[in-house]
Amino acid sequence: GDSVSEDGQRFIIPEKRNMCMQEFADILADKKGNQVAYCQHQNSNFSTEFKCIHEDVKEIGIAELAFACKPDAVNIWIGDERSVSSLHRDPYENMYCVIKGLKRFTLLPPTDGPYLAEQEFPCFKHALKPAVDNKPRRLSPSSSSSPSNTAIRAGERQSMTKQTTTFKWELEAEIDENTKQQLRVKWIPVDPDFPYRIKPSAKCLALASPEKISPIRCEVKAGEVLYLPSLWYHQVSQEGLTMAVNYWYDMHYGLTWSLLQYLEHTGGNVNADQRTCADDSNDDAKSG
């Protein structure tokens with residue numbers, strides 16, 4: 001999914017592609033291919049693209065009473081263990097319902113924000129591009145005695161060129177349609193589940209303090225519902241083929257939001273000051 005590159009210099013989003021359900025299922029079933037398919041589009045895709053199964057998935061009445069509103073969006077998620085999200089947060093109250101399989105959540109409270117070094121990265125996207133292979137290939141002579149095969153055998157010392165088309169993944173800069181400039185996206189480089197995925201020496205981790213975070217891990221099985229409070233950080237994976245539907249309800253901006261904004265803007269400065277003081281102390285120790 002959306003994530004910071006291993007060198008810590010870019011934010012990369014997956015290729016988005018419209019396809020029929022059969023094509024999606026074929027890609028998902030091909031474990032040896034170079035494509036990892038994940039059905040998701042956070043635009044209430046369940047409401048707009050899966051109307052044929054609306055009767056099978058009901059809205060959650062108790063959530064509407066608790067949040068005093070209808071869901072802003074209803075999304076469907078289908079994938080397998082090859083799909084893993086990076087750490088992020090959403091400005092929604094989230095009711096996450098697993099229909100098939102098992103989801104694993106790593107959760108961090110909003111107060112861990114100052115330790116995560118959220119920052120802007122230049123945005124790129126994956127793109128599957130055709131690569132034409134024009135390397136000379138010797139065609140194997142056939143045992144047939146047809147004139148065409150005889151001609152090939154007579155000239156088999158000459159290299160025969162056969163053009164084949166393969167596909168490879170490339171990165172393309174994501175361009176803003178209005179400004180025509182490359183997009184920059186604010187994202188989190190800290191990875192609580194794979195802490196060494198990004199090189200520890202990467203500049204983007206300089207102000208991070210992952211040793212101070214307090215992750216909570218849980219599993220959500222088929223038939224279970226997880227309430228994920230708004231602005232809680234989460235990283236998600238699944239075991240085997242998994243299907244889920246989630247409901248996003250609008251969060252209420254109030255005193256809690258103001259407090260978190262204060263922590264976000266002052267916490268980073270505190271971390272920077274502490275890191276500077278530590279560096280100064282090391283310099284003093286060396287000079288002493």
# chains A, B, ... in the order shown; residues from 1 in each chain; ligands from 1

call {"tool": "residues_around", "arguments": {"residues": "Leu241 of chain A", "least_positions_apart": "4", "cutoff": "6 Å", "atoms": "only C-alpha atoms", "output": "short mmCIF file (atom, residue, chain, number, x, y, z; two decimals) with all heavy atoms, in the first residue's frame"}}
result
data_model
loop_
_atom_site.label_atom_id
_atom_site.label_comp_id
_atom_site.auth_asym_id
_atom_site.auth_seq_id
_atom_site.Cartn_x
_atom_site.Cartn_y
_atom_site.Cartn_z
N GLY A 79 -8.22 -8.82 -0.17
CA GLY A 79 -6.82 -9.08 -0.49
C GLY A 79 -6.31 -10.27 0.28
O GLY A 79 -7.06 -10.99 0.94
N ASP A 80 -4.97 -10.49 0.20
CA ASP A 80 -4.37 -11.61 0.92
C ASP A 80 -3.15 -11.12 1.70
O ASP A 80 -2.93 -9.91 1.85
CB ASP A 80 -4.03 -12.76 -0.02
CG ASP A 80 -3.03 -12.38 -1.11
OD1 ASP A 80 -2.32 -11.37 -0.95
OD2 ASP A 80 -2.95 -13.11 -2.12
N GLY A 101 -11.77 -14.42 6.63
CA GLY A 101 -10.34 -14.34 6.90
C GLY A 101 -10.02 -13.72 8.25
O GLY A 101 -10.83 -13.76 9.18
#

call {"tool": "residues_around", "arguments": {"residues": "Leu128 of chain A", "least_positions_apart": "4", "cutoff": "7 Å", "atoms": "only C-alpha atoms", "output": "PyMOL selection string"}}
result
chain A and resi 167-170

call {"tool": "select_by_dssp", "arguments": {"residues": "segment 174-250 of chain A", "states": "strand (DSSP E or B)", "output": "PyMOL selection string"}}
result
chain A and resi 175+182+184-187+216-221+225-228+233-250

call {"tool": "closest_residue", "arguments": {"among": "A:Glu264, A:Glu224, A:Asp250, A:Glu49", "to": "Asp90 of chain A", "atoms": "only C-alpha atoms"}}
result
A:Asp250

call {"tool": "closest_residue", "arguments": {"among": "A:Trp232, A:Phe24, A:Phe67, A:Tyr115", "to": "Val190 of chain A", "atoms": "only C-alpha atoms"}}
result
A:Tyr115

call {"tool": "residues_around", "arguments": {"residues": "Ala29 of chain A", "least_positions_apart": "3", "cutoff": "12 Å", "atoms": "only C-alpha atoms", "output": "short mmCIF file (atom, residue, chain, number, x, y, z; two decimals) with C-alpha atoms, in the first residue's frame"}}
result
data_model
loop_
_atom_site.label_atom_id
_atom_site.label_comp_id
_atom_site.auth_asym_id
_atom_site.auth_seq_id
_atom_site.Cartn_x
_atom_site.Cartn_y
_atom_site.Cartn_z
CA GLN A 22 -12.79 -12.13 -12.69
CA GLU A 23 -9.55 -10.42 -13.69
CA PHE A 24 -8.99 -9.33 -10.10
CA ALA A 25 -9.57 -12.90 -8.86
CA ASP A 26 -7.10 -14.29 -11.43
CA LYS A 32 4.02 -16.41 -8.48
CA GLY A 33 3.22 -13.36 -10.59
CA ASN A 34 4.75 -9.92 -10.20
CA GLN A 35 1.44 -8.27 -9.32
CA VAL A 36 -0.22 -8.00 -5.91
CA ALA A 37 -3.91 -7.20 -6.26
CA TYR A 38 -5.89 -5.49 -3.51
CA GLY A 79 -6.82 -9.08 -0.49
CA ASP A 80 -4.37 -11.61 0.92
CA GLU A 81 -1.25 -11.77 3.08
CA ARG A 82 0.88 -10.01 0.43
CA GLY A 240 -4.84 -15.53 3.67
CA LEU A 241 -7.74 -14.38 1.54
#

call {"tool": "atom_distance", "arguments": {"atom1": "atom CA of Pro215 of chain A", "atom2": "atom CA of Ser230 of chain A"}}
result
16.0 Å

call {"tool": "residues_around", "arguments": {"residues": "Cys69 of chain A", "least_positions_apart": "2", "cutoff": "12 Å", "atoms": "only C-alpha atoms", "output": "ChimeraX atom specification"}}
result
/A:59-67,71-73,92-93,247-252

call {"tool": "write_last_selection", "arguments": {"atoms": "N, CA, C and O atoms", "output": "mmCIF file, in the first residue's frame"}}
result
data_model
loop_
_atom_site.group_PDB
_atom_site.id
_atom_site.type_symbol
_atom_site.label_atom_id
_atom_site.label_comp_id
_atom_site.auth_asym_id
_atom_site.auth_seq_id
_atom_site.Cartn_x
_atom_site.Cartn_y
_atom_site.Cartn_z
ATOM 1 N N GLU A 59 -26.046 -1.846 7.544
ATOM 2 C CA GLU A 59 -25.417 -0.791 8.326
ATOM 3 C C GLU A 59 -25.514 -1.131 9.816
ATOM 4 O O GLU A 59 -26.333 -1.957 10.234
ATOM 5 N N ILE A 60 -24.664 -0.501 10.615
ATOM 6 C CA ILE A 60 -24.569 -0.822 12.033
ATOM 7 C C ILE A 60 -25.382 0.192 12.833
ATOM 8 O O ILE A 60 -24.958 1.340 13.021
ATOM 9 N N GLY A 61 -26.554 -0.224 13.288
ATOM 10 C CA GLY A 61 -27.462 0.688 13.974
ATOM 11 C C GLY A 61 -26.880 1.299 15.229
ATOM 12 O O GLY A 61 -27.041 2.499 15.493
ATOM 13 N N ILE A 62 -26.171 0.496 16.037
ATOM 14 C CA ILE A 62 -25.628 1.006 17.292
ATOM 15 C C ILE A 62 -24.581 2.096 17.046
ATOM 16 O O ILE A 62 -24.445 3.034 17.842
ATOM 17 N N ALA A 63 -23.855 1.985 15.926
ATOM 18 C CA ALA A 63 -22.849 3.003 15.604
ATOM 19 C C ALA A 63 -23.526 4.313 15.218
ATOM 20 O O ALA A 63 -23.064 5.393 15.602
ATOM 21 N N GLU A 64 -24.620 4.224 14.475
ATOM 22 C CA GLU A 64 -25.338 5.443 14.096
ATOM 23 C C GLU A 64 -25.907 6.152 15.321
ATOM 24 O O GLU A 64 -25.946 7.383 15.383
ATOM 25 N N LEU A 65 -26.323 5.376 16.322
ATOM 26 C CA LEU A 65 -26.802 5.984 17.569
ATOM 27 C C LEU A 65 -25.651 6.634 18.331
ATOM 28 O O LEU A 65 -25.780 7.745 18.860
ATOM 29 N N ALA A 66 -24.520 5.950 18.389
ATOM 30 C CA ALA A 66 -23.372 6.456 19.145
ATOM 31 C C ALA A 66 -22.781 7.715 18.524
ATOM 32 O O ALA A 66 -22.410 8.656 19.234
ATOM 33 N N PHE A 67 -22.693 7.740 17.188
ATOM 34 C CA PHE A 67 -22.059 8.864 16.508
ATOM 35 C C PHE A 67 -23.072 9.896 16.030
ATOM 36 O O PHE A 67 -22.694 10.944 15.506
ATOM 37 N N PRO A 71 -23.144 6.854 8.114
ATOM 38 C CA PRO A 71 -21.747 6.787 7.680
ATOM 39 C C PRO A 71 -21.478 7.705 6.493
ATOM 40 O O PRO A 71 -22.301 7.816 5.590
ATOM 41 N N ASP A 72 -20.318 8.355 6.521
ATOM 42 C CA ASP A 72 -19.891 9.179 5.387
ATOM 43 C C ASP A 72 -19.468 8.313 4.201
ATOM 44 O O ASP A 72 -19.593 8.726 3.055
ATOM 45 N N ALA A 73 -18.932 7.145 4.510
ATOM 46 C CA ALA A 73 -18.452 6.252 3.446
ATOM 47 C C ALA A 73 -18.493 4.813 3.938
ATOM 48 O O ALA A 73 -18.312 4.548 5.126
ATOM 49 N N TYR A 92 -11.818 9.818 10.825
ATOM 50 C CA TYR A 92 -13.146 9.215 10.893
ATOM 51 C C TYR A 92 -13.229 8.251 12.071
ATOM 52 O O TYR A 92 -12.234 7.611 12.431
ATOM 53 N N GLU A 93 -14.426 8.150 12.641
ATOM 54 C CA GLU A 93 -14.724 7.041 13.541
ATOM 55 C C GLU A 93 -14.949 5.828 12.648
ATOM 56 O O GLU A 93 -15.741 5.869 11.708
ATOM 57 N N TYR A 247 -17.066 1.103 7.919
ATOM 58 C CA TYR A 247 -17.967 2.260 7.899
ATOM 59 C C TYR A 247 -17.241 3.443 8.529
ATOM 60 O O TYR A 247 -16.762 3.350 9.665
ATOM 61 N N TRP A 248 -17.158 4.536 7.783
ATOM 62 C CA TRP A 248 -16.534 5.753 8.292
ATOM 63 C C TRP A 248 -17.621 6.748 8.706
ATOM 64 O O TRP A 248 -18.496 7.098 7.900
ATOM 65 N N TYR A 249 -17.529 7.190 9.965
ATOM 66 C CA TYR A 249 -18.449 8.196 10.482
ATOM 67 C C TYR A 249 -17.656 9.467 10.789
ATOM 68 O O TYR A 249 -16.526 9.397 11.310
ATOM 69 N N ASP A 250 -18.244 10.599 10.481
ATOM 70 C CA ASP A 250 -17.560 11.872 10.655
ATOM 71 C C ASP A 250 -17.147 12.077 12.107
ATOM 72 O O ASP A 250 -17.932 11.846 13.028
ATOM 73 N N MET A 251 -15.904 12.483 12.333
ATOM 74 C CA MET A 251 -15.436 12.768 13.683
ATOM 75 C C MET A 251 -15.873 14.172 14.099
ATOM 76 O O MET A 251 -16.143 15.042 13.261
ATOM 77 N N HIS A 252 -15.939 14.384 15.394
ATOM 78 C CA HIS A 252 -16.306 15.689 15.927
ATOM 79 C C HIS A 252 -15.037 16.441 16.311
ATOM 80 O O HIS A 252 -14.248 15.982 17.144
#

call {"tool": "residues_around", "arguments": {"residues": "Asn75 of chain A", "least_positions_apart": "6", "cutoff": "6 Å", "atoms": "only C-alpha atoms", "output": "ChimeraX atom specification"}}
result
/A:44-46,245-246

call {"tool": "write_last_selection", "arguments": {"atoms": "all heavy atoms", "output": "short mmCIF file (atom, residue, chain, number, x, y, z; two decimals), in the first residue's frame"}}
result
data_model
loop_
_atom_site.label_atom_id
_atom_site.label_comp_id
_atom_site.auth_asym_id
_atom_site.auth_seq_id
_atom_site.Cartn_x
_atom_site.Cartn_y
_atom_site.Cartn_z
N SER A 44 -15.94 5.30 -0.75
CA SER A 44 -17.20 4.60 -0.52
C SER A 44 -17.48 3.64 -1.66
O SER A 44 -18.60 3.56 -2.19
CB SER A 44 -18.37 5.59 -0.36
OG SER A 44 -19.46 4.98 0.29
N ASN A 45 -16.46 2.87 -2.04
CA ASN A 45 -16.58 1.98 -3.20
C ASN A 45 -17.63 0.89 -2.99
O ASN A 45 -18.20 0.39 -3.96
CB ASN A 45 -15.23 1.38 -3.56
CG ASN A 45 -14.69 0.43 -2.50
OD1 ASN A 45 -15.03 0.54 -1.33
ND2 ASN A 45 -13.83 -0.48 -2.90
N PHE A 46 -17.90 0.50 -1.75
CA PHE A 46 -18.93 -0.51 -1.55
C PHE A 46 -20.30 0.05 -1.95
O PHE A 46 -21.13 -0.64 -2.54
CB PHE A 46 -18.97 -0.95 -0.08
CG PHE A 46 -20.02 -2.00 0.20
CD1 PHE A 46 -19.82 -3.31 -0.17
CD2 PHE A 46 -21.22 -1.66 0.79
CE1 PHE A 46 -20.79 -4.28 0.06
CE2 PHE A 46 -22.19 -2.61 1.04
CZ PHE A 46 -21.98 -3.93 0.67
N VAL A 245 -15.55 -5.06 5.33
CA VAL A 245 -16.27 -3.84 5.01
C VAL A 245 -16.14 -2.91 6.21
O VAL A 245 -16.26 -3.35 7.36
CB VAL A 245 -17.77 -4.12 4.73
CG1 VAL A 245 -18.55 -2.82 4.61
CG2 VAL A 245 -17.92 -4.94 3.45
N ASN A 246 -15.83 -1.64 5.94
CA ASN A 246 -15.75 -0.70 7.06
C ASN A 246 -16.65 0.50 6.81
O ASN A 246 -16.96 0.86 5.67
CB ASN A 246 -14.31 -0.26 7.31
CG ASN A 246 -13.87 0.88 6.41
OD1 ASN A 246 -13.91 0.76 5.19
ND2 ASN A 246 -13.44 1.98 7.00
#

call {"tool": "decode", "arguments": {"residues": "segment 7-49 of chain A", "atoms": "N, CA and C atoms", "output": "PDB file, in the first residue's frame"}}
result
ATOM      1  N   ASP A   7      14.630   3.627   1.071  1.00  0.00           N
ATOM      2  CA  ASP A   7      15.721   4.580   1.281  1.00  0.00           C
ATOM      3  C   ASP A   7      15.255   5.826   2.025  1.00  0.00           C
ATOM      4  N   GLY A   8      13.936   5.902   2.305  1.00  0.00           N
ATOM      5  CA  GLY A   8      13.410   7.002   3.088  1.00  0.00           C
ATOM      6  C   GLY A   8      13.315   8.322   2.346  1.00  0.00           C
ATOM      7  N   GLN A   9      13.363   8.301   1.004  1.00  0.00           N
ATOM      8  CA  GLN A   9      13.398   9.547   0.244  1.00  0.00           C
ATOM      9  C   GLN A   9      12.121   9.850  -0.524  1.00  0.00           C
ATOM     10  N   ARG A  10      11.225   8.849  -0.682  1.00  0.00           N
ATOM     11  CA  ARG A  10      10.040   9.037  -1.518  1.00  0.00           C
ATOM     12  C   ARG A  10       8.812   8.414  -0.864  1.00  0.00           C
ATOM     13  N   PHE A  11       7.668   8.975  -1.198  1.00  0.00           N
ATOM     14  CA  PHE A  11       6.398   8.361  -0.840  1.00  0.00           C
ATOM     15  C   PHE A  11       5.841   7.725  -2.107  1.00  0.00           C
ATOM     16  N   ILE A  12       5.466   6.441  -2.030  1.00  0.00           N
ATOM     17  CA  ILE A  12       5.066   5.703  -3.220  1.00  0.00           C
ATOM     18  C   ILE A  12       3.667   5.148  -3.041  1.00  0.00           C
ATOM     19  N   ILE A  13       2.833   5.354  -4.052  1.00  0.00           N
ATOM     20  CA  ILE A  13       1.481   4.811  -4.042  1.00  0.00           C
ATOM     21  C   ILE A  13       1.375   3.707  -5.082  1.00  0.00           C
ATOM     22  N   PRO A  14       0.491   2.736  -4.881  1.00  0.00           N
ATOM     23  CA  PRO A  14       0.357   1.644  -5.853  1.00  0.00           C
ATOM     24  C   PRO A  14      -0.348   2.101  -7.122  1.00  0.00           C
ATOM     25  N   GLU A  15      -0.200   1.318  -8.164  1.00  0.00           N
ATOM     26  CA  GLU A  15      -0.942   1.579  -9.390  1.00  0.00           C
ATOM     27  C   GLU A  15      -2.423   1.307  -9.156  1.00  0.00           C
ATOM     28  N   LYS A  16      -3.264   2.194  -9.658  1.00  0.00           N
ATOM     29  CA  LYS A  16      -4.715   2.019  -9.551  1.00  0.00           C
ATOM     30  C   LYS A  16      -5.249   1.593 -10.907  1.00  0.00           C
ATOM     31  N   ARG A  17      -6.085   0.548 -10.893  1.00  0.00           N
ATOM     32  CA  ARG A  17      -6.550   0.005 -12.155  1.00  0.00           C
ATOM     33  C   ARG A  17      -7.995  -0.473 -12.014  1.00  0.00           C
ATOM     34  N   ASN A  18      -8.836  -0.097 -12.957  1.00  0.00           N
ATOM     35  CA  ASN A  18     -10.203  -0.615 -12.999  1.00  0.00           C
ATOM     36  C   ASN A  18     -10.214  -1.941 -13.753  1.00  0.00           C
ATOM     37  N   MET A  19     -10.922  -2.922 -13.214  1.00  0.00           N
ATOM     38  CA  MET A  19     -10.980  -4.229 -13.857  1.00  0.00           C
ATOM     39  C   MET A  19     -12.240  -4.952 -13.419  1.00  0.00           C
ATOM     40  N   CYS A  20     -12.583  -5.987 -14.147  1.00  0.00           N
ATOM     41  CA  CYS A  20     -13.725  -6.807 -13.760  1.00  0.00           C
ATOM     42  C   CYS A  20     -13.300  -7.727 -12.620  1.00  0.00           C
ATOM     43  N   MET A  21     -14.283  -8.276 -11.921  1.00  0.00           N
ATOM     44  CA  MET A  21     -14.001  -9.097 -10.745  1.00  0.00           C
ATOM     45  C   MET A  21     -13.231 -10.358 -11.108  1.00  0.00           C
ATOM     46  N   GLN A  22     -13.477 -10.917 -12.278  1.00  0.00           N
ATOM     47  CA  GLN A  22     -12.788 -12.135 -12.688  1.00  0.00           C
ATOM     48  C   GLN A  22     -11.295 -11.879 -12.881  1.00  0.00           C
ATOM     49  N   GLU A  23     -10.958 -10.755 -13.495  1.00  0.00           N
ATOM     50  CA  GLU A  23      -9.546 -10.424 -13.693  1.00  0.00           C
ATOM     51  C   GLU A  23      -8.856 -10.221 -12.352  1.00  0.00           C
ATOM     52  N   PHE A  24      -9.544  -9.526 -11.438  1.00  0.00           N
ATOM     53  CA  PHE A  24      -8.990  -9.328 -10.097  1.00  0.00           C
ATOM     54  C   PHE A  24      -8.740 -10.668  -9.406  1.00  0.00           C
ATOM     55  N   ALA A  25      -9.702 -11.586  -9.496  1.00  0.00           N
ATOM     56  CA  ALA A  25      -9.571 -12.899  -8.863  1.00  0.00           C
ATOM     57  C   ALA A  25      -8.413 -13.687  -9.466  1.00  0.00           C
ATOM     58  N   ASP A  26      -8.195 -13.578 -10.775  1.00  0.00           N
ATOM     59  CA  ASP A  26      -7.103 -14.293 -11.435  1.00  0.00           C
ATOM     60  C   ASP A  26      -5.747 -13.782 -10.947  1.00  0.00           C
ATOM     61  N   ILE A  27      -5.612 -12.466 -10.843  1.00  0.00           N
ATOM     62  CA  ILE A  27      -4.351 -11.893 -10.360  1.00  0.00           C
ATOM     63  C   ILE A  27      -4.117 -12.290  -8.910  1.00  0.00           C
ATOM     64  N   LEU A  28      -5.176 -12.263  -8.115  1.00  0.00           N
ATOM     65  CA  LEU A  28      -5.064 -12.615  -6.701  1.00  0.00           C
ATOM     66  C   LEU A  28      -4.648 -14.074  -6.521  1.00  0.00           C
ATOM     67  N   ALA A  29      -5.124 -14.924  -7.406  1.00  0.00           N
ATOM     68  CA  ALA A  29      -4.819 -16.358  -7.308  1.00  0.00           C
ATOM     69  C   ALA A  29      -3.414 -16.694  -7.790  1.00  0.00           C
ATOM     70  N   ASP A  30      -2.799 -15.807  -8.591  1.00  0.00           N
ATOM     71  CA  ASP A  30      -1.467 -16.061  -9.142  1.00  0.00           C
ATOM     72  C   ASP A  30      -0.406 -15.645  -8.121  1.00  0.00           C
ATOM     73  N   LYS A  31      -0.001 -16.570  -7.277  1.00  0.00           N
ATOM     74  CA  LYS A  31       0.954 -16.262  -6.206  1.00  0.00           C
ATOM     75  C   LYS A  31       2.376 -16.049  -6.727  1.00  0.00           C
ATOM     76  N   LYS A  32       2.667 -16.517  -7.941  1.00  0.00           N
ATOM     77  CA  LYS A  32       4.024 -16.413  -8.476  1.00  0.00           C
ATOM     78  C   LYS A  32       4.200 -15.222  -9.405  1.00  0.00           C
ATOM     79  N   GLY A  33       3.130 -14.499  -9.685  1.00  0.00           N
ATOM     80  CA  GLY A  33       3.220 -13.358 -10.590  1.00  0.00           C
ATOM     81  C   GLY A  33       3.880 -12.159  -9.934  1.00  0.00           C
ATOM     82  N   ASN A  34       4.112 -11.116 -10.727  1.00  0.00           N
ATOM     83  CA  ASN A  34       4.753  -9.918 -10.201  1.00  0.00           C
ATOM     84  C   ASN A  34       3.742  -8.822  -9.859  1.00  0.00           C
ATOM     85  N   GLN A  35       2.468  -9.223  -9.697  1.00  0.00           N
ATOM     86  CA  GLN A  35       1.439  -8.272  -9.323  1.00  0.00           C
ATOM     87  C   GLN A  35       0.769  -8.715  -8.022  1.00  0.00           C
ATOM     88  N   VAL A  36       0.518  -7.752  -7.146  1.00  0.00           N
ATOM     89  CA  VAL A  36      -0.220  -8.003  -5.913  1.00  0.00           C
ATOM     90  C   VAL A  36      -1.507  -7.188  -5.992  1.00  0.00           C
ATOM     91  N   ALA A  37      -2.626  -7.889  -6.099  1.00  0.00           N
ATOM     92  CA  ALA A  37      -3.913  -7.204  -6.263  1.00  0.00           C
ATOM     93  C   ALA A  37      -4.578  -6.987  -4.904  1.00  0.00           C
ATOM     94  N   TYR A  38      -5.150  -5.798  -4.734  1.00  0.00           N
ATOM     95  CA  TYR A  38      -5.894  -5.492  -3.508  1.00  0.00           C
ATOM     96  C   TYR A  38      -7.079  -4.623  -3.897  1.00  0.00           C
ATOM     97  N   CYS A  39      -8.272  -5.103  -3.599  1.00  0.00           N
ATOM     98  CA  CYS A  39      -9.487  -4.368  -3.963  1.00  0.00           C
ATOM     99  C   CYS A  39      -9.808  -3.359  -2.879  1.00  0.00           C
ATOM    100  N   GLN A  40      -9.616  -2.102  -3.180  1.00  0.00           N
ATOM    101  CA  GLN A  40      -9.951  -1.034  -2.245  1.00  0.00           C
ATOM    102  C   GLN A  40      -9.866   0.312  -2.965  1.00  0.00           C
ATOM    103  N   HIS A  41     -10.750   1.180  -2.627  1.00  0.00           N
ATOM    104  CA  HIS A  41     -10.761   2.538  -3.162  1.00  0.00           C
ATOM    105  C   HIS A  41     -11.557   3.372  -2.173  1.00  0.00           C
ATOM    106  N   GLN A  42     -10.886   4.218  -1.434  1.00  0.00           N
ATOM    107  CA  GLN A  42     -11.515   4.860  -0.289  1.00  0.00           C
ATOM    108  C   GLN A  42     -12.437   6.015  -0.702  1.00  0.00           C
ATOM    109  N   ASN A  43     -13.390   5.679  -1.547  1.00  0.00           N
ATOM    110  CA  ASN A  43     -14.368   6.666  -2.008  1.00  0.00           C
ATOM    111  C   ASN A  43     -15.775   6.111  -1.826  1.00  0.00           C
ATOM    112  N   SER A  44     -15.937   5.300  -0.754  1.00  0.00           N
ATOM    113  CA  SER A  44     -17.199   4.602  -0.524  1.00  0.00           C
ATOM    114  C   SER A  44     -17.485   3.637  -1.664  1.00  0.00           C
ATOM    115  N   ASN A  45     -16.458   2.866  -2.038  1.00  0.00           N
ATOM    116  CA  ASN A  45     -16.582   1.983  -3.197  1.00  0.00           C
ATOM    117  C   ASN A  45     -17.627   0.892  -2.993  1.00  0.00           C
ATOM    118  N   PHE A  46     -17.899   0.495  -1.751  1.00  0.00           N
ATOM    119  CA  PHE A  46     -18.933  -0.505  -1.548  1.00  0.00           C
ATOM    120  C   PHE A  46     -20.297   0.051  -1.953  1.00  0.00           C
ATOM    121  N   SER A  47     -20.506   1.320  -1.666  1.00  0.00           N
ATOM    122  CA  SER A  47     -21.793   1.946  -1.976  1.00  0.00           C
ATOM    123  C   SER A  47     -21.994   2.133  -3.474  1.00  0.00           C
ATOM    124  N   THR A  48     -20.895   2.384  -4.200  1.00  0.00           N
ATOM    125  CA  THR A  48     -21.019   2.727  -5.618  1.00  0.00           C
ATOM    126  C   THR A  48     -20.740   1.570  -6.574  1.00  0.00           C
ATOM    127  N   GLU A  49     -19.859   0.638  -6.186  1.00  0.00           N
ATOM    128  CA  GLU A  49     -19.414  -0.401  -7.107  1.00  0.00           C
ATOM    129  C   GLU A  49     -19.924  -1.803  -6.772  1.00  0.00           C
TER     130      GLU A  49
END
